[in-house]
Structure formats: C-alpha cells, structure tokens
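Below: one structure, written as structure tokens.
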Amino acid sequence: MIPSIYNDKRFGINQADISKNALSIISRLHKNGFDAFIVGGGIRDLIKGLGPKDFDIVTNCEPEKIRGLFKNSRIIGRRFKLVHIAFPNEIVETTTFRSGINTDSESIEINDQGRIISDNIYGTQEEDAYRRDLTINSIYYNPITKEIIDYTDGVKDLKERRIRFIGDAEKRIIEDPVRILRAIRFAAKLNFTIDKAIADAIDNHKHQLLQVPQARLYEEVIKLFMSGHALNSYILLQKHGIFDLIFPHVKNSADNFDDFYKKAFAQTDDRVKIGKKLNIGFLYATLLWPAIFIKSNIGQKINFKKFYQIIASSIRKQQTITSIPRRFTSFIKDTWMHQIRFDRIGKKSISFTQNIRFRAAYDFYLLRETLEPSLSQKIKWWTEFKAANYDKKVRLINSFKKYGKK
Ligand code: ATP
Ligand code: MG
C-alpha cells in the first residue's frame with residue numbers, strides 16, 4: 001500500500017522539541033546508508049502538540065550493525081533484539097523494522113550465540129507499520145526529509161481523536177491481550193474515544209489478561225496510574241470491566257470506594273502536574289486499601305498481628321495477578337501498619353512523627369477520610385500535632401488524654 005506522506009510543517013513540528021540525541025542517531029544511520037525514523041509515542045505526541053516522553057527510533061539497519069556504529073550502545077533482548085544507545089541524560093531505544101510475522105511464534109530459530117537465524121523477523125517499513133498496535137502509534141517521522149509517513153490512517157485518527165487498532169481488533173487483542181490496557185491507556189492520556197469494535201473485543205477477551213505474565217501487567221499498571229492520567233485510566237478501566245478483573249480482591253469491598261479512588265487518583269495526577277515524585281508503594285497501598293479496610297475493621301478493635309496477616313495475604317493475592325516488586329512491599333506494609341498508630345495517641349506518637357515513613361503514612365491517613373468521614377476530627381488533631389514543636393506535642397497529647405477520648 002502507498003502511505004500518506006505529509007510535510008512536518010503541516011503539524012507545526014519544531015525539531016527543537018526533539019531529543020538532540022535521537023536526531024544525531026538518525027543522521028548517523030542516514031550517513032551510513034540506512035533509513036531511520038522516529039516512531040510511536042514521540043511523533044504521536046509531537047503531532048498532538050504534547051511534550052513527548054521519549055523518542056523511539058526504527059531503522060532498516062540490523063541490531064549488530066547498529067551496535068557497530070555506536071560505541072555507546074548495547075543489544076538487549078534475545079528473541080526481539082533491540083539496541084539501547086546510551087547518552088548521559090537518556091537512553092534511546094533503536095529497533096529494526098519487524099515484519100510481525102512469527103514474532104510470537106516459538107519457531108524462530110536461534111543459534112548458539114543467540115542470533116536469530118531465520119530472518120523473517122525483520123521486515124520492511126510497511127510490514128513494521130502493520131505489526132504495531134494502534135493506528136496513532138504507527139506514524140513515522142523522517143527528520144532529514146521532514147516527512148511524516150502514515151500507512152494506517154493514524155494521522156486521521158489523531159485528528160478525529162479515535163483509538164483504533166490496526167486490522168481486526170479481536171485478532172489483535174488475542175495476539176496480545178496487553179493491547180487492551182494500551183488502548184485504555186492512550187484513550188485516557190489523550191482523551192480519545194475507544195472504537196466500538198475495540199470495546200466489543202475487550203468485552204469478549206478481557207479475561208485473557210489474566211494469562212499475561214504478572215511482571216508485564218505490573219508494568220502496564222504503573223504506566224496507567226503514574227503518567228498523569230490516573231483518574232481517566234481508572235474511569236475507563238471501570239467502564240470496561242477491567243479494574244475488577246485485575247484487582248479482584250478489591251471488588252465492591254466498600255460502598256464509597258469509587259469516591260476514594262477518584263479522589264486519590266485526582267491527587268496523583270495533580271502531583272504529576274506540579275512535578276512531584278510518585279511512589280509506587282503508595283500507589284499500590286491506595287489500590288488495595290478498600291479491601292484491607294473492609295477485612296480489617298480498622299478503627300475498631302484490631303490488633304497488630306491480625307492486621308499484619310490481612311495485609312500480607314492481600315499483597316500475596318495481588319501478586320498472583322500483577323507482580324509487586326519486593327522493594328515496594330515493605331513500604332506498602334509500613335504505610336498500612338502505621339495507620340493503627342494514628343488511633344493510639346500517646347507518648348509514642350512523638351517518635352512516630354519522626355519515623356521515616358511517617359509522612360507517607362500521614363498522607364495516606366488523609367486519603368482515608370473519603371471512606372471514613374468520622375476521621376475528620378482526628379485528622380485535624382494529627383495535622384496540628386505534626387507541625388507542633390516538642391513542648392506543644394506533649395501538651396497536645398496530655399489534653400487529648402484528658403478530653404479527647406470519647
Ligand atoms: P509512550 O508515550 O508511553 O512511550 P509509545 O507509543 O511510545 O507510548 P511504547 O510502549 O514506548 O509506547 O512502544 C513504542 C511503540 O511500539 C508503540 O508506539 C507501538 O507502535 C509499538 N508497540 C508497543 N507495544 C506494542 C504491542 N503490545 N503491540 C504492538 N505494537 C506495540
Ligand atoms: Mg515510547
């Protein structure tokens with residue numbers, strides 16, 4: 001098929017908005033006789049007038065040759081090799097055109113050195129365009145000729161704000177169910193409409209997400225909730241029945257858990273907007289909290305041991321679906337365990353405020369108010385206590401003991 005070709009002026013693309021490193025890689029490949037393009041999120045977001053997160057490069061140069069051309073590069077991946085070219089401030093991912101044929105098949109022959117012998121994995125630009133997921137993710141930009149190359153009507157869909165798979169939605173989702181989450185993620189990020197064909201295909205095949213390796217689902221969850229469009233992602237995941245599927249233990253666990261999530265994710269997005277860091281542990285603590293809340297009766301009679309058991313089993317259950325790396329589980333557990341300490345105002349409350357995880361626990365405590373409006377008085381107390389000097393802290397504890405207890 002003949003692609004549509006546009007000049008970059010038409011979209012007001014300014015090369016100053018493109019990573020210098022990416023441009024220099026393309027120019028080097030070009031000087032060595034290869035074609036090279038920016039593809040995927042980089043050019044999609046440029047056309048949309050958004051600041052792209054990164055720039056992926058695709059070329060007809062094969063990985064070993066790319067490796068040879070760039071000293072600062074290394075080949076990663078076994079079955080699907082790609083090259084990471086490292087710069088002081090970024091790593092630019094450079095891949096070779098792939099045909100899409102056989103990419104998921106076990107029949108690819110690999111020799112002793114791990115090199116793919118059968119060459120059908122590499123393809124032409126056209127084949128590469130058709131193996132991508134969404135039309136809007138399959139637009140190529142050649143910064144040397146300043147041409148935008150579009151085989152799949154991606155530019156039109158960007159203009160019409162449509163999320164559409166290349167080819168048959170059902171088939172593309174069966175090939176790789178993670179594409180369901182990708183479709184939702186880009187719809188959430190760009191505020192685009194999900195094509196009816198995709199919505200139907202999601203309905204029919206969403207359960208296949210549960211067959212996806214936990215680590216891959218985890219990566220997608222992070223992208224859905226930590227890229228500044230968590231609230232939108234949450235709404236769409238709910239709409240398509242995916243949220244309950246990947247967080248099944250949370251399902252209907254509290255009446256107003258929907259409000260809890262909406263408030264939490266709106267806050268998450270606000271943090272991204274003002275450039276504050278997000279903590280993956282805090283995200284998971286939030287995602288799983290309604291289930292903990294219901295199971296534990298926190299705020300009423302609860303002991304540390306029982307609470308810990310509920311916490312540990314909730315994390316374990318979630319890990320059967322989306323992995324939660326060990327380095328975050330202690331943060332999640334601490335954030336939750338500390339919640340009990342907000343109920344036990346006394347001498348130890350002073351050292352609690354000095355705990356390295358106090359700040360996160362406190363932020364989490366504030367979040368709980370949506371589920372437990374009765375916390376508001378105590379939240380005021382803790383907010384005052386947190387800011388107070390030592391003497392005032394002692395006074396606050398004493399007066400709490402005298403008058404505070406109901
Ligand atoms: P982001 O802004 O999140 O980086 P992106 O579109 O660049 O968005 P990546 O995950 O970086 O997304 O992938 C780069 C490109 O690779 C995509 O734009 C798409 O063309 C292709 N791609 C990625 N994942 C898949 C998939 N599961 N199936 C088909 N094509 C994919
Ligand atoms: Mg990308």
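Ordering of the structure tokens sets the chain letters (A, B, ...); residue numbers start at 1 within each chain; ligands are numbered from 1 in the order shown.
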
Once you count only C-alpha atoms and all ligand atoms, what closest atom pair and distance in Å to one decimal does each residue of chain A within 6 Å of ligand 1 have, with rows by chain and rising residue number, as JSON lines?
```
{"residue": "A:Gly40", "atom": "CA", "partner": "ligand 1", "partner_atom_place_in_ligand_line": "18 (O)", "distance": 3.2}
{"residue": "A:Gly41", "atom": "CA", "partner": "ligand 1", "partner_atom_place_in_ligand_line": "7 (O)", "distance": 3.3}
{"residue": "A:Lys53", "atom": "CA", "partner": "ligand 1", "partner_atom_place_in_ligand_line": "2 (O)", "distance": 5.6}
{"residue": "A:Arg132", "atom": "CA", "partner": "ligand 1", "partner_atom_place_in_ligand_line": "30 (N)", "distance": 3.6}
{"residue": "A:Asp133", "atom": "CA", "partner": "ligand 1", "partner_atom_place_in_ligand_line": "29 (C)", "distance": 3.8}
{"residue": "A:Asn137", "atom": "CA", "partner": "ligand 1", "partner_atom_place_in_ligand_line": "18 (O)", "distance": 4.0}
{"residue": "A:Ser138", "atom": "CA", "partner": "ligand 1", "partner_atom_place_in_ligand_line": "20 (O)", "distance": 5.1}
{"residue": "A:Arg179", "atom": "CA", "partner": "ligand 1", "partner_atom_place_in_ligand_line": "27 (N)", "distance": 5.3}
```

Would you output that residue set with N, CA, C and O atoms, as a tab-separated table (two decimals), in the first residue's frame?
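Saved to selection.tsv:
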```
chain	number	residue	atom	x	y	z
A	40	GLY	N	6.12	5.92	16.94
A	40	GLY	CA	5.46	5.67	18.23
A	40	GLY	C	5.13	6.95	18.97
A	40	GLY	O	4.79	7.97	18.38
A	41	GLY	N	5.25	6.86	20.30
A	41	GLY	CA	4.82	7.95	21.17
A	41	GLY	C	5.46	9.29	20.84
A	41	GLY	O	4.81	10.34	20.95
A	53	LYS	N	7.43	11.92	25.86
A	53	LYS	CA	8.18	11.36	26.98
A	53	LYS	C	9.56	10.90	26.49
A	53	LYS	O	10.57	11.17	27.10
A	132	ARG	N	2.33	-2.90	14.34
A	132	ARG	CA	2.15	-2.07	15.54
A	132	ARG	C	0.70	-2.14	16.04
A	132	ARG	O	-0.16	-2.65	15.35
A	133	ASP	N	0.46	-1.64	17.25
A	133	ASP	CA	-0.87	-1.86	17.83
A	133	ASP	C	-1.93	-0.88	17.33
A	133	ASP	O	-2.88	-1.26	16.65
A	137	ASN	N	-0.12	4.98	16.80
A	137	ASN	CA	1.23	4.63	17.23
A	137	ASN	C	2.09	4.16	16.07
A	137	ASN	O	3.18	3.63	16.26
A	138	SER	N	1.56	4.30	14.88
A	138	SER	CA	2.26	3.74	13.72
A	138	SER	C	2.60	4.83	12.71
A	138	SER	O	2.59	4.60	11.51
A	179	ARG	N	-2.61	-5.34	24.84
A	179	ARG	CA	-3.07	-4.23	23.99
A	179	ARG	C	-4.38	-3.63	24.50
A	179	ARG	O	-4.69	-2.48	24.22
```

Long-range neighbours of Ala361 (chain A) as a list in words, 7 Å cut-off, only C-alpha atoms, 6 positions minimum in chain: Thr335, His338 and Gln339 of chain A

What residues have any atom no more than 9 Å from ligand 2 when counting only C-alpha atoms and all ligand atoms, and can you list them as a list of chain:residue names? A:Val39, A:Gly40, A:Gly41, A:Gly42, A:Pro52, A:Lys53, A:Asp54, A:Phe55, A:Asp56, A:Glu93

Nearest-residue call for Arg341 (chain A), choices A:Tyr261, A:Phe304, A:Tyr218, A:Phe80, using only C-alpha atoms: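 For Arg341 (chain A), the nearest of the given residues is A:Phe304.
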
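For the pair CA of Glu147 (chain A) and CA of Phe87 (chain A), the interatomic distance is 26.0 Å.
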
Where in region 12-159 of chain A does DSSP assign helix (DSSP H, G or I), given as an NGL selection string? :A and (15-17 or 20-31 or 41-47 or 63-69 or 119-121 or 125-131 or 135-137 or 154-159)

What lies within 8 Å of Thr135 (chain A) using only C-alpha atoms, ignoring chain neighbours under 3 positions off, as a PyMOL selection string? chain A and resi 132+138-139+152-154+157+163-166

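For the pair CA of Ile184 (chain A) and CA of Ser233 (chain A), the separation is 6.7 Å.
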
Of the listed residues A:Asn72, A:Gln214, A:Asn21, A:Ser399, that which approaches Lys317 (chain A) most closely, counting only C-alpha atoms: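 Result for the nearest residue to Lys317 (chain A): A:Gln214.
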
Restricting the calculation to only C-alpha atoms: of A:Asp150, A:Glu90, A:Glu372, A:Asp391, which residue gets closest to Ile294 (chain A)?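 Once distances to Ile294 (chain A) are computed over only C-alpha atoms, the minimum belongs to A:Glu372.
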
Kindly indicate which residue among A:Arg344, A:His249, A:Arg78, A:Arg357 lies nearest to Pro290 (chain A), using only C-alpha atoms for the distances.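 Closest to Pro290 (chain A) of all the choices is A:His249.
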
Residue contacts of region 23-35 of chain A (12 Å, only C-alpha atoms) excluding same-chain residues fewer than 6 positions away, as a ChimeraX atom specification: /A:15-17,55-63,65-73,83-87,91-97,124-125,140-146

10 Å contact set for Leu237 (chain A), only C-alpha atoms, chain neighbours under 2 positions out, as a ChimeraX atom specification: /A:180-181,184-185,188,224,231-235,239-246

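In the backbone-derived DSSP annotation, strand (DSSP E or B) within region 109-250 of chain A comprises Ile110, Ile116, Tyr122, Leu134, Ile139, Tyr140, Tyr141, Asn142, Glu147, Ile148, Ile149, Asp150, Arg162, Ile163, Phe165, Thr193 and Ile194 of chain A.
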
Export of the given selection (C-alpha atoms) as an mmCIF file, in the first residue's frame:
```
data_model
loop_
_atom_site.group_PDB
_atom_site.id
_atom_site.type_symbol
_atom_site.label_atom_id
_atom_site.label_comp_id
_atom_site.auth_asym_id
_atom_site.auth_seq_id
_atom_site.Cartn_x
_atom_site.Cartn_y
_atom_site.Cartn_z
ATOM 1 C CA ILE A 110 18.206 -19.234 17.393
ATOM 2 C CA ILE A 116 18.201 -15.308 15.158
ATOM 3 C CA TYR A 122 12.980 -8.290 10.190
ATOM 4 C CA LEU A 134 -2.783 1.369 17.304
ATOM 5 C CA ILE A 139 3.238 7.127 12.325
ATOM 6 C CA TYR A 140 6.834 7.602 11.138
ATOM 7 C CA TYR A 141 8.803 10.795 11.003
ATOM 8 C CA ASN A 142 11.924 11.289 8.962
ATOM 9 C CA GLU A 147 8.330 13.797 6.060
ATOM 10 C CA ILE A 148 5.595 12.146 8.076
ATOM 11 C CA ILE A 149 4.794 8.694 6.717
ATOM 12 C CA ASP A 150 1.468 7.103 7.558
ATOM 13 C CA ARG A 162 -10.012 7.849 17.807
ATOM 14 C CA ILE A 163 -8.346 4.843 19.346
ATOM 15 C CA PHE A 165 -6.278 -0.982 16.274
ATOM 16 C CA THR A 193 -12.767 7.672 22.074
ATOM 17 C CA ILE A 194 -12.352 3.926 22.080
#
```

Which residues of region 161-258 of chain A come within 8 Å of region 277-285 of chain A, and what is each one's closest atom pair and distance in Å (one decimal), counting only C-alpha atoms, sorted by chain and residue number, as CSV?
```
residue,atom,partner,partner_atom,distance
A:Ile222,CA,A:Ile280,CA,7.5
A:Phe225,CA,A:Leu283,CA,7.8
A:Met226,CA,A:Leu278,CA,7.1
```
